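A short worksheet on the structure shown next.
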Amino acid sequence: MARTSKHLRNRGGRRFKILLAFALAAAILVVIAATIAVDVARRIPDGVLRAYFIDVGQGDASVILWNGGCVVIDAGTEASAERLSIYLRKLGVSEIDCAVFTHPHSDHIGGGDDILADFTVKSVVMPDCVVDGESYSELLYYIEKEGCPTYMATPGDEYSFGDVTMTVLGPYTEYDNENDMSAVVKVTYGDIDIIYAGDAEARAEYDIIEFWGDDVLDVEVLKVGHHGSYTSTTEEFLAVTTPELAIISCGRQNEYGHPHSKTLANLDKAGASVYRTDEDGTVIIETDGVNVWRCVMGFLGRLYRVDNKG
C-alpha cells in the first residue's frame with residue numbers, strides 16, 4: 001500500500017508539472033500575441049488613421065488613433081477596465097481628445113472612470129440620458145473631479161480634431177428605451193467614414209435614416225449596434241449605410257446569443273465582410289483616407305492585412 005501511495009504521488013507530481021508547463025506555454029503565447037498586436041498598432045505612419053475595436057468581452061470599447069490625436073468611444077466593462085488602460089498606454093496614449101460614452105450601460109461605460117483617472121481627457125460627449133447605477137454615478141463623479149468639458153450628443157453637432165471629423169447622428173429624439181438614446185456618431189477621415197452605432201435599436205435607426213438620408217449615412221465601415229442583437233442592424237439601415245466592413249463586439253459564448261443569426265443574415269445580404277471580437281479578437285481598421293485595410297489580431301497573434309478597397 002505504501003508503494004502504491006508513493007506511485008500515485010509521483011504520478012500526481014508529474015501531472016502537476018505537465019499542467020504547469022501547459023499553463024506557462026499558454027501564458028507566453030498570450031504575452032507574445034499582445035506584444036505583436038501592440039507593436040503593429042503602435043507604428044502609425046503619417047497620413048494614416050487606425051480604428052481599434054478592442055476585445056473587452058461582452059461590451060464595447062473602441063479607440064481611434066492617428067498621429068496627433070486620439071478618440072475613445074465607450075470603455076467596456078468594469079472587469080475589462082485595467083486591460084483597456086494598459087492597451088492605451090502601450091499604444092503611447094497619454095491624452096485623449098474626446099471620450100464618447102454612447103449610453104449609460106455598464107458594458108459601455110464600466111471602464112470610463114479609469115479612463116478619466118488615468119489619462120488627460122480633453123472633452124466628453126454623451127447623451128442626455130440619466131439612469132440609476134453605480135457605473136454611471138462613478139462616471140459622473142470622475143467627469144466632475146477631472147473637470148472635463150462635457151457636451152450632450154445632439155444630431156448635427158460636429159467635432160473637429162485636425163484631419164478627423166466626428167458628426168453626431170443620434171439620438172434623434174428622447175426615447176424611453178435607453179439603448180435608443182445611444183449617441184450614434186460618424187467619424188470621417190478623408191473619403192472614409194465609420195459609423196459607431198452604440199446600442200441603438202430599430203426605432204432609432206429608422207429615425208436616423210429619416211433625419212439624415214442616404215448621402216450622409218453611406219459609409220465604408222459600420223460598428224454594428226447592440227453587439228449584433230436582433231433588435232438592431234435592420235435591412236433598411238444597412239441599405240442606406242452600405243458598409244463594406246462590419247465589426248461586432250461581443251463576448252465569447254455570451255449568454256445573450258450575440259450576434260443573432262438574423263443580424264448576420266442581414267449583413268450577409270448587404271454584402272458586408274463581418275469581423276467579430278469573440279472570434280477574431282481585437283480588430284484594427286487602417287485607412288489613409290482613400291483606401292481601407294483591415295488587420296485582425298486574433299487570440300494567438302494572427303495578423304492579417306488585406307487590401308479591401310481601391
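A note on labels: chains of the C-alpha cells are A, B, ... as shown, every chain counts residues from 1, and ligands are counted from 1 in their shown order.
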
With a distance cut-off of 7 Å and only C-alpha atoms, select the neighbouring residues of segment 71-76 of chain A, excluding the residue or stretch itself and same-chain residues fewer than 2 positions from it, and output the selection as a list of chain:residue names.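 That gives A:Val56, A:Gly59, A:Asp60, A:Ala61, A:Ser62, A:Val63, A:Ile64, A:Leu65, A:Gly69, A:Glu78, A:Ser80, A:Ala81, A:Ile96, A:Asp97, A:Cys98, A:Ala99, A:Val100, A:Phe101, A:Thr102, A:Asp107, A:His108, A:Ile109, A:Gly110, A:Gly111, A:Gly112.
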
Would you list the contacts of segment 243-259 of chain A as a PyMOL selection string, taking every protein, DNA or RNA residue within 8 Å and counting only C-alpha atoms, but skipping same-chain residues closer than 5 positions in sequence? chain A and resi 53-60+218-225+227-230+238+264+267+270-279+283

Could you pull the residues within 10 Å of segment 138-144 of chain A, counting only C-alpha atoms, minus those fewer than 3 positions along the same chain, as number ranges by chain? A: 101, 104, 109-117, 121, 123-124, 133-135, 147-150

Output the selection as a PDB file, in the first residue's frame - N, CA and C atoms for each residue.
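Contents of result_31.pdb, freshly written:
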```pdb
ATOM      1  N   PHE A 101     -19.123  58.463 -24.589  1.00  0.00           N
ATOM      2  CA  PHE A 101     -19.812  57.395 -23.867  1.00  0.00           C
ATOM      3  C   PHE A 101     -21.213  57.309 -24.454  1.00  0.00           C
ATOM      4  N   PRO A 104     -25.509  55.104 -20.943  1.00  0.00           N
ATOM      5  CA  PRO A 104     -25.048  54.780 -19.586  1.00  0.00           C
ATOM      6  C   PRO A 104     -25.276  53.341 -19.147  1.00  0.00           C
ATOM      7  N   ILE A 109     -19.690  51.798 -20.310  1.00  0.00           N
ATOM      8  CA  ILE A 109     -19.037  52.858 -19.516  1.00  0.00           C
ATOM      9  C   ILE A 109     -18.339  52.316 -18.278  1.00  0.00           C
ATOM     10  N   GLY A 110     -18.284  50.984 -18.132  1.00  0.00           N
ATOM     11  CA  GLY A 110     -17.712  50.389 -16.919  1.00  0.00           C
ATOM     12  C   GLY A 110     -16.279  50.797 -16.657  1.00  0.00           C
ATOM     13  N   GLY A 111     -15.520  51.037 -17.726  1.00  0.00           N
ATOM     14  CA  GLY A 111     -14.134  51.468 -17.565  1.00  0.00           C
ATOM     15  C   GLY A 111     -13.944  52.961 -17.742  1.00  0.00           C
ATOM     16  N   GLY A 112     -15.049  53.696 -17.820  1.00  0.00           N
ATOM     17  CA  GLY A 112     -14.965  55.135 -18.054  1.00  0.00           C
ATOM     18  C   GLY A 112     -14.256  55.890 -16.957  1.00  0.00           C
ATOM     19  N   ASP A 113     -14.496  55.511 -15.704  1.00  0.00           N
ATOM     20  CA  ASP A 113     -13.846  56.217 -14.603  1.00  0.00           C
ATOM     21  C   ASP A 113     -12.333  56.009 -14.636  1.00  0.00           C
ATOM     22  N   ASP A 114     -11.891  54.807 -15.035  1.00  0.00           N
ATOM     23  CA  ASP A 114     -10.454  54.553 -15.151  1.00  0.00           C
ATOM     24  C   ASP A 114      -9.834  55.394 -16.262  1.00  0.00           C
ATOM     25  N   ILE A 115     -10.529  55.513 -17.381  1.00  0.00           N
ATOM     26  CA  ILE A 115     -10.027  56.330 -18.489  1.00  0.00           C
ATOM     27  C   ILE A 115      -9.851  57.778 -18.039  1.00  0.00           C
ATOM     28  N   LEU A 116     -10.847  58.293 -17.332  1.00  0.00           N
ATOM     29  CA  LEU A 116     -10.788  59.681 -16.876  1.00  0.00           C
ATOM     30  C   LEU A 116      -9.715  59.887 -15.817  1.00  0.00           C
ATOM     31  N   ALA A 117      -9.490  58.874 -14.990  1.00  0.00           N
ATOM     32  CA  ALA A 117      -8.495  58.987 -13.930  1.00  0.00           C
ATOM     33  C   ALA A 117      -7.072  58.789 -14.450  1.00  0.00           C
ATOM     34  N   VAL A 121      -8.199  63.666 -20.420  1.00  0.00           N
ATOM     35  CA  VAL A 121      -9.315  63.652 -21.364  1.00  0.00           C
ATOM     36  C   VAL A 121      -9.758  65.095 -21.584  1.00  0.00           C
ATOM     37  N   SER A 123     -12.202  66.298 -23.590  1.00  0.00           N
ATOM     38  CA  SER A 123     -13.642  66.539 -23.705  1.00  0.00           C
ATOM     39  C   SER A 123     -14.394  65.222 -23.631  1.00  0.00           C
ATOM     40  N   VAL A 124     -15.654  65.321 -23.245  1.00  0.00           N
ATOM     41  CA  VAL A 124     -16.540  64.157 -23.154  1.00  0.00           C
ATOM     42  C   VAL A 124     -17.814  64.468 -23.930  1.00  0.00           C
ATOM     43  N   GLY A 133     -27.418  53.837 -11.268  1.00  0.00           N
ATOM     44  CA  GLY A 133     -26.454  52.760 -11.460  1.00  0.00           C
ATOM     45  C   GLY A 133     -25.080  53.186 -10.998  1.00  0.00           C
ATOM     46  N   GLU A 134     -24.330  52.236 -10.448  1.00  0.00           N
ATOM     47  CA  GLU A 134     -23.019  52.545  -9.891  1.00  0.00           C
ATOM     48  C   GLU A 134     -22.040  53.015 -10.966  1.00  0.00           C
ATOM     49  N   SER A 135     -22.044  52.338 -12.121  1.00  0.00           N
ATOM     50  CA  SER A 135     -21.109  52.715 -13.189  1.00  0.00           C
ATOM     51  C   SER A 135     -21.357  54.139 -13.656  1.00  0.00           C
ATOM     52  N   GLY A 147     -12.725  67.700 -14.111  1.00  0.00           N
ATOM     53  CA  GLY A 147     -13.067  68.952 -14.773  1.00  0.00           C
ATOM     54  C   GLY A 147     -13.149  68.849 -16.284  1.00  0.00           C
ATOM     55  N   CYS A 148     -13.653  67.726 -16.786  1.00  0.00           N
ATOM     56  CA  CYS A 148     -13.720  67.515 -18.238  1.00  0.00           C
ATOM     57  C   CYS A 148     -14.888  68.288 -18.846  1.00  0.00           C
ATOM     58  N   PRO A 149     -14.635  69.119 -19.849  1.00  0.00           N
ATOM     59  CA  PRO A 149     -15.746  69.750 -20.572  1.00  0.00           C
ATOM     60  C   PRO A 149     -16.634  68.662 -21.170  1.00  0.00           C
ATOM     61  N   THR A 150     -17.939  68.763 -20.929  1.00  0.00           N
ATOM     62  CA  THR A 150     -18.867  67.707 -21.343  1.00  0.00           C
ATOM     63  C   THR A 150     -19.959  68.285 -22.220  1.00  0.00           C
TER      64      THR A 150
END
```

Got a sec to tell me which of segment 31-226 of chain A DSSP assigns to alpha helix (DSSP H), as a ChimeraX atom specification? /A:31-42,81-90,106-109,112-118,134-146,202-212,214-217

Quick one: write out the picked residues with C-alpha atoms as an mmCIF file, in the first residue's frame?
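The result, written out as out06.cif:
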```cif
data_model
loop_
_atom_site.group_PDB
_atom_site.id
_atom_site.type_symbol
_atom_site.label_atom_id
_atom_site.label_comp_id
_atom_site.auth_asym_id
_atom_site.auth_seq_id
_atom_site.Cartn_x
_atom_site.Cartn_y
_atom_site.Cartn_z
ATOM 1 C CA VAL A 31 2.159 37.743 -23.984
ATOM 2 C CA ILE A 32 3.567 37.210 -27.490
ATOM 3 C CA ALA A 33 0.158 37.863 -29.051
ATOM 4 C CA ALA A 34 -0.297 41.060 -27.041
ATOM 5 C CA THR A 35 3.232 42.214 -27.908
ATOM 6 C CA ILE A 36 2.693 41.574 -31.629
ATOM 7 C CA ALA A 37 -0.665 43.339 -31.591
ATOM 8 C CA VAL A 38 0.590 46.409 -29.757
ATOM 9 C CA ASP A 39 3.832 46.612 -31.759
ATOM 10 C CA VAL A 40 1.932 46.579 -35.057
ATOM 11 C CA ALA A 41 -0.669 49.000 -33.717
ATOM 12 C CA ARG A 42 1.899 51.486 -32.405
ATOM 13 C CA ALA A 81 -11.099 48.486 -17.409
ATOM 14 C CA GLU A 82 -7.495 47.764 -16.452
ATOM 15 C CA ARG A 83 -6.901 45.863 -19.686
ATOM 16 C CA LEU A 84 -8.159 48.831 -21.710
ATOM 17 C CA SER A 85 -5.969 51.316 -19.831
ATOM 18 C CA ILE A 86 -2.903 49.111 -20.312
ATOM 19 C CA TYR A 87 -3.653 48.770 -24.018
ATOM 20 C CA LEU A 88 -3.923 52.541 -24.398
ATOM 21 C CA ARG A 89 -0.647 53.122 -22.558
ATOM 22 C CA LYS A 90 1.144 50.600 -24.759
ATOM 23 C CA SER A 106 -22.186 49.295 -17.599
ATOM 24 C CA ASP A 107 -20.891 47.267 -20.564
ATOM 25 C CA HIS A 108 -20.107 50.536 -22.345
ATOM 26 C CA ILE A 109 -19.037 52.858 -19.516
ATOM 27 C CA GLY A 112 -14.965 55.135 -18.054
ATOM 28 C CA ASP A 113 -13.846 56.217 -14.603
ATOM 29 C CA ASP A 114 -10.454 54.553 -15.151
ATOM 30 C CA ILE A 115 -10.027 56.330 -18.489
ATOM 31 C CA LEU A 116 -10.788 59.681 -16.876
ATOM 32 C CA ALA A 117 -8.495 58.987 -13.930
ATOM 33 C CA ASP A 118 -5.569 57.532 -15.905
ATOM 34 C CA GLU A 134 -23.019 52.545 -9.891
ATOM 35 C CA SER A 135 -21.109 52.715 -13.189
ATOM 36 C CA TYR A 136 -22.966 55.842 -14.277
ATOM 37 C CA SER A 137 -22.531 57.510 -10.869
ATOM 38 C CA GLU A 138 -18.793 56.757 -10.919
ATOM 39 C CA LEU A 139 -18.503 58.160 -14.423
ATOM 40 C CA LEU A 140 -20.234 61.419 -13.475
ATOM 41 C CA TYR A 141 -18.085 61.699 -10.355
ATOM 42 C CA TYR A 142 -14.834 61.445 -12.331
ATOM 43 C CA ILE A 143 -16.042 63.797 -15.057
ATOM 44 C CA GLU A 144 -16.631 66.426 -12.377
ATOM 45 C CA LYS A 145 -13.472 65.574 -10.444
ATOM 46 C CA GLU A 146 -11.241 65.859 -13.525
ATOM 47 C CA ALA A 202 -34.527 49.621 -34.881
ATOM 48 C CA ARG A 203 -36.609 52.664 -33.912
ATOM 49 C CA ALA A 204 -33.528 54.848 -33.523
ATOM 50 C CA GLU A 205 -32.140 53.538 -36.808
ATOM 51 C CA TYR A 206 -35.351 54.455 -38.656
ATOM 52 C CA ASP A 207 -35.307 57.965 -37.177
ATOM 53 C CA ILE A 208 -31.661 58.439 -38.153
ATOM 54 C CA ILE A 209 -32.462 57.341 -41.719
ATOM 55 C CA GLU A 210 -35.357 59.806 -41.907
ATOM 56 C CA PHE A 211 -33.310 62.648 -40.416
ATOM 57 C CA TRP A 212 -30.112 62.205 -42.465
ATOM 58 C CA ASP A 214 -28.564 58.327 -47.923
ATOM 59 C CA ASP A 215 -25.707 60.738 -48.607
ATOM 60 C CA VAL A 216 -24.637 61.249 -45.000
ATOM 61 C CA LEU A 217 -25.138 57.640 -43.913
#
```

What is the atom CA of Thr241 of chain A to atom CA of Ile194 of chain A distance in Å? 9.8 Å

Selection near segment 179-182 of chain A, 9 Å with only C-alpha atoms, sequence-local residues under 2 positions removed, as a list of chain:residue names: A:Phe101, A:Thr102, A:His103, A:Pro104, A:His105, A:Met126, A:Pro127, A:Asp128, A:Cys129, A:Ala153, A:Gly170, A:Pro171, A:Tyr172, A:Thr173, A:Glu174, A:Tyr175, A:Asp176, A:Asn177, A:Val184, A:Ala197, A:Gly198, A:Asp199, A:Ala200, A:Glu201, A:Ala202, A:Arg203, A:Ala204, A:Glu205, A:His226

Selection to disk with N, CA and C atoms, as a PDB file, in the first residue's frame:
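This is the output file again_30.pdb:
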```pdb
ATOM      1  N   PHE A 101     -19.123  58.463 -24.589  1.00  0.00           N
ATOM      2  CA  PHE A 101     -19.812  57.395 -23.867  1.00  0.00           C
ATOM      3  C   PHE A 101     -21.213  57.309 -24.454  1.00  0.00           C
ATOM      4  N   THR A 102     -21.445  56.279 -25.278  1.00  0.00           N
ATOM      5  CA  THR A 102     -22.646  56.264 -26.114  1.00  0.00           C
ATOM      6  C   THR A 102     -23.935  56.222 -25.316  1.00  0.00           C
ATOM      7  N   HIS A 103     -23.939  55.510 -24.190  1.00  0.00           N
ATOM      8  CA  HIS A 103     -25.122  55.476 -23.330  1.00  0.00           C
ATOM      9  C   HIS A 103     -24.713  54.869 -21.990  1.00  0.00           C
ATOM     10  N   PRO A 104     -25.509  55.104 -20.943  1.00  0.00           N
ATOM     11  CA  PRO A 104     -25.048  54.780 -19.586  1.00  0.00           C
ATOM     12  C   PRO A 104     -25.276  53.341 -19.147  1.00  0.00           C
ATOM     13  N   HIS A 105     -24.915  52.368 -19.965  1.00  0.00           N
ATOM     14  CA  HIS A 105     -24.959  50.967 -19.560  1.00  0.00           C
ATOM     15  C   HIS A 105     -23.556  50.503 -19.197  1.00  0.00           C
ATOM     16  N   MET A 126     -21.654  62.706 -24.534  1.00  0.00           N
ATOM     17  CA  MET A 126     -22.558  61.663 -24.069  1.00  0.00           C
ATOM     18  C   MET A 126     -24.000  62.122 -24.252  1.00  0.00           C
ATOM     19  N   PRO A 127     -24.947  61.190 -24.319  1.00  0.00           N
ATOM     20  CA  PRO A 127     -26.344  61.589 -24.491  1.00  0.00           C
ATOM     21  C   PRO A 127     -26.931  62.139 -23.203  1.00  0.00           C
ATOM     22  N   ASP A 128     -27.985  62.894 -23.338  1.00  0.00           N
ATOM     23  CA  ASP A 128     -28.694  63.438 -22.177  1.00  0.00           C
ATOM     24  C   ASP A 128     -29.635  62.364 -21.654  1.00  0.00           C
ATOM     25  N   CYS A 129     -29.043  61.389 -20.983  1.00  0.00           N
ATOM     26  CA  CYS A 129     -29.792  60.218 -20.514  1.00  0.00           C
ATOM     27  C   CYS A 129     -29.339  59.894 -19.103  1.00  0.00           C
ATOM     28  N   ALA A 153     -24.824  64.907 -26.636  1.00  0.00           N
ATOM     29  CA  ALA A 153     -24.850  64.475 -28.034  1.00  0.00           C
ATOM     30  C   ALA A 153     -26.124  64.973 -28.711  1.00  0.00           C
ATOM     31  N   GLY A 170     -27.193  60.750 -33.838  1.00  0.00           N
ATOM     32  CA  GLY A 170     -28.320  60.491 -32.953  1.00  0.00           C
ATOM     33  C   GLY A 170     -27.858  60.524 -31.506  1.00  0.00           C
ATOM     34  N   PRO A 171     -28.790  60.559 -30.543  1.00  0.00           N
ATOM     35  CA  PRO A 171     -30.210  60.230 -30.685  1.00  0.00           C
ATOM     36  C   PRO A 171     -31.024  61.373 -31.308  1.00  0.00           C
ATOM     37  N   TYR A 172     -31.949  60.981 -32.167  1.00  0.00           N
ATOM     38  CA  TYR A 172     -32.765  61.938 -32.903  1.00  0.00           C
ATOM     39  C   TYR A 172     -33.761  62.645 -31.986  1.00  0.00           C
ATOM     40  N   THR A 173     -34.268  61.926 -30.991  1.00  0.00           N
ATOM     41  CA  THR A 173     -35.246  62.483 -30.060  1.00  0.00           C
ATOM     42  C   THR A 173     -35.088  61.773 -28.722  1.00  0.00           C
ATOM     43  N   GLU A 174     -35.979  62.048 -27.771  1.00  0.00           N
ATOM     44  CA  GLU A 174     -35.933  61.342 -26.491  1.00  0.00           C
ATOM     45  C   GLU A 174     -36.705  60.032 -26.611  1.00  0.00           C
ATOM     46  N   TYR A 175     -36.091  58.971 -26.111  1.00  0.00           N
ATOM     47  CA  TYR A 175     -36.703  57.645 -26.159  1.00  0.00           C
ATOM     48  C   TYR A 175     -36.836  57.088 -24.744  1.00  0.00           C
ATOM     49  N   ASP A 176     -37.839  56.248 -24.557  1.00  0.00           N
ATOM     50  CA  ASP A 176     -37.965  55.535 -23.290  1.00  0.00           C
ATOM     51  C   ASP A 176     -36.903  54.442 -23.179  1.00  0.00           C
ATOM     52  N   ASN A 177     -36.518  53.901 -24.307  1.00  0.00           N
ATOM     53  CA  ASN A 177     -35.523  52.833 -24.366  1.00  0.00           C
ATOM     54  C   ASN A 177     -34.119  53.435 -24.284  1.00  0.00           C
ATOM     55  N   VAL A 184     -25.028  58.024 -31.465  1.00  0.00           N
ATOM     56  CA  VAL A 184     -24.525  57.406 -32.693  1.00  0.00           C
ATOM     57  C   VAL A 184     -23.669  58.445 -33.408  1.00  0.00           C
ATOM     58  N   ALA A 197     -22.494  52.729 -33.771  1.00  0.00           N
ATOM     59  CA  ALA A 197     -23.935  52.753 -33.523  1.00  0.00           C
ATOM     60  C   ALA A 197     -24.329  52.564 -32.061  1.00  0.00           C
ATOM     61  N   GLY A 198     -23.359  52.439 -31.150  1.00  0.00           N
ATOM     62  CA  GLY A 198     -23.723  52.217 -29.752  1.00  0.00           C
ATOM     63  C   GLY A 198     -24.607  50.993 -29.614  1.00  0.00           C
ATOM     64  N   ASP A 199     -25.702  51.142 -28.873  1.00  0.00           N
ATOM     65  CA  ASP A 199     -26.696  50.066 -28.757  1.00  0.00           C
ATOM     66  C   ASP A 199     -28.011  50.459 -29.423  1.00  0.00           C
ATOM     67  N   ALA A 200     -27.956  51.417 -30.347  1.00  0.00           N
ATOM     68  CA  ALA A 200     -29.178  51.902 -30.998  1.00  0.00           C
ATOM     69  C   ALA A 200     -29.942  50.744 -31.638  1.00  0.00           C
ATOM     70  N   GLU A 201     -31.253  50.739 -31.420  1.00  0.00           N
ATOM     71  CA  GLU A 201     -32.100  49.677 -31.947  1.00  0.00           C
ATOM     72  C   GLU A 201     -32.899  50.186 -33.149  1.00  0.00           C
ATOM     73  N   ALA A 202     -33.841  49.366 -33.613  1.00  0.00           N
ATOM     74  CA  ALA A 202     -34.527  49.621 -34.881  1.00  0.00           C
ATOM     75  C   ALA A 202     -35.187  50.996 -34.938  1.00  0.00           C
ATOM     76  N   ARG A 203     -35.899  51.386 -33.874  1.00  0.00           N
ATOM     77  CA  ARG A 203     -36.609  52.664 -33.912  1.00  0.00           C
ATOM     78  C   ARG A 203     -35.640  53.823 -34.106  1.00  0.00           C
ATOM     79  N   ALA A 204     -34.533  53.792 -33.381  1.00  0.00           N
ATOM     80  CA  ALA A 204     -33.528  54.848 -33.523  1.00  0.00           C
ATOM     81  C   ALA A 204     -32.916  54.830 -34.920  1.00  0.00           C
ATOM     82  N   GLU A 205     -32.686  53.633 -35.453  1.00  0.00           N
ATOM     83  CA  GLU A 205     -32.140  53.538 -36.808  1.00  0.00           C
ATOM     84  C   GLU A 205     -33.079  54.181 -37.825  1.00  0.00           C
ATOM     85  N   HIS A 226     -25.521  47.302 -30.743  1.00  0.00           N
ATOM     86  CA  HIS A 226     -26.026  46.373 -29.722  1.00  0.00           C
ATOM     87  C   HIS A 226     -25.435  44.975 -29.851  1.00  0.00           C
TER      88      HIS A 226
END
```

Coordinates-based distance that separates atom CA of Ile285 of chain A from atom CA of Arg50 of chain A (Å, one decimal):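 Between atom CA of Arg50 of chain A and atom CA of Ile285 of chain A the gap is 5.6 Å.
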
Quick check, in Å to one decimal: how far apart do atom CA of Ala239 of chain A and atom CA of Asp268 of chain A lie?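 Going from atom CA of Ala239 of chain A over to atom CA of Asp268 of chain A covers 11.9 Å.
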